[in-house]
Amino acid sequence: MSAPLPTPVELPSIDDLDHAIVDLSARMDAACFEQLVLIRQFDERGGWLKWAFPNCTEWLAWRCDLGLSAAREKVRVSHALMTLPAISSAFAEGRLSYTKVRALTRVANPRNEIELITFARKSTAIQVEERCRELRCGTVASIDDANNAHVRRSLTIRRNPSRGTLTVTVELPVETGELINKALDKARDNGQAPGFPDEPWSARQADALVAVANAYLCGAEDSSNCSTDNYQVTVHVDRTALVDGEGRSSLPIESVRRIACDSDTVLIVEDEDGQPLNIGRKSRTVPTAIKRALWARDKGCNFPGCHRKHFVDAHHIHHWSAGGETNLDNLMLLCSRHHRLVHEGRYRIVKDYQDRWCFKRPDGLAVPECGYCPEDTTDDELDFPSKLVNNPSAEGFAAEVF
């Protein structure tokens, strides 16, 4: 008589694992806050002197096996939090991640920390870092950043005969580096760069660079005759940043003033939330003016957690054939992958209780804008411990986690 087959182990559901990971992340962030408080106290009392280190950063890197840059940031953030009680409280409760707090402490002060927390709670870490960078660029103090970026500009060429290759490494200030990016885009999209659609993006970029060099050597020997009409770079800046030296800017404010002196500019008027004014007309094809404003608002794919800026389409939320209009209120940018998910993948775009667009999975679950908040992981009807573990050795862990 054959032995009975073993009972299959019931695996936790994906949603159970999702909630468990997020809950653990929140508790790790709270523990990180406690560590930073201890680091500040240790630094204030000169504890690193006992170990013969010149500063707390080097001691922390040695004692906790951190890189110097990571240790330096932890020491900086630990002291910055001392004057930011609201951010400290949110961090201690696990409502803000260390990544967000690290960015916020570069620009936060007692006057704006509540506003920054509100923004951070509804945005991804990447969006928070970008907003904080813009806030820093919108102040007069950013002139040091602009000067440092100018001083650091460099180009190095390294030949590798054994591989038969040549490596070019370039570091430029953002505003001049964007010119390189625009030139590569133009060479690639106009068919000047040879290649095949199935080739890697990096290979096509390399071909575009060769095409730009060939074009210069073949006919544009005198770069002083180049026309600025061949490219256009759009810079976003708050009017208050230009006038008062305090606001948001996509580049250091002095760099913006310099560029505006001798370049063609595109003015995009924004409201207090950074939303471009609506431009609309009834048309299936998205006009250039609307597409420009759409890019200014979305800056890339609008699907939560996705920040792709290439292969992005303008999507009609209410389809044009069903009476939807071609205006900013009915358009959003989606990358080709998420565009397909919305059309063929049964994902839906609906309005939430605050009259904002949100995405829903095919099973009806809303996709959070920036991951789950700790309170979103609480479900009275869900028995996580019994679903997550199936052996006695794991029960203690489950009880501790939940």
# chains A, B, ... in the order shown; residues from 1 in each chain; ligands from 1

$ residues_around --residues "His316 (chain A)" --least-positions-apart "2" --cutoff "8 Å" --atoms "only C-alpha atoms" --output "MDAnalysis selection string"
chainID A and resid 314 318:320 324:326 330:332

$ residues_around --residues "region 134-151 of chain A" --least-positions-apart "5" --cutoff "10 Å" --atoms "only C-alpha atoms" --output "ChimeraX atom specification"
/A:106-108,128-129,171-174,176,236-242,244-256

$ atom_distance --atom1 "CA of Pro54 (chain A)" --atom2 "CA of Asn109 (chain A)"
29.2 Å

$ atom_distance --atom1 "CA of Ile290 (chain A)" --atom2 "CA of Asn327 (chain A)"
7.0 Å

$ select_by_dssp --residues "region 82-239 of chain A" --states "strand (DSSP E or B)" --output "number ranges by chain"
A: 154-160, 165-171, 237
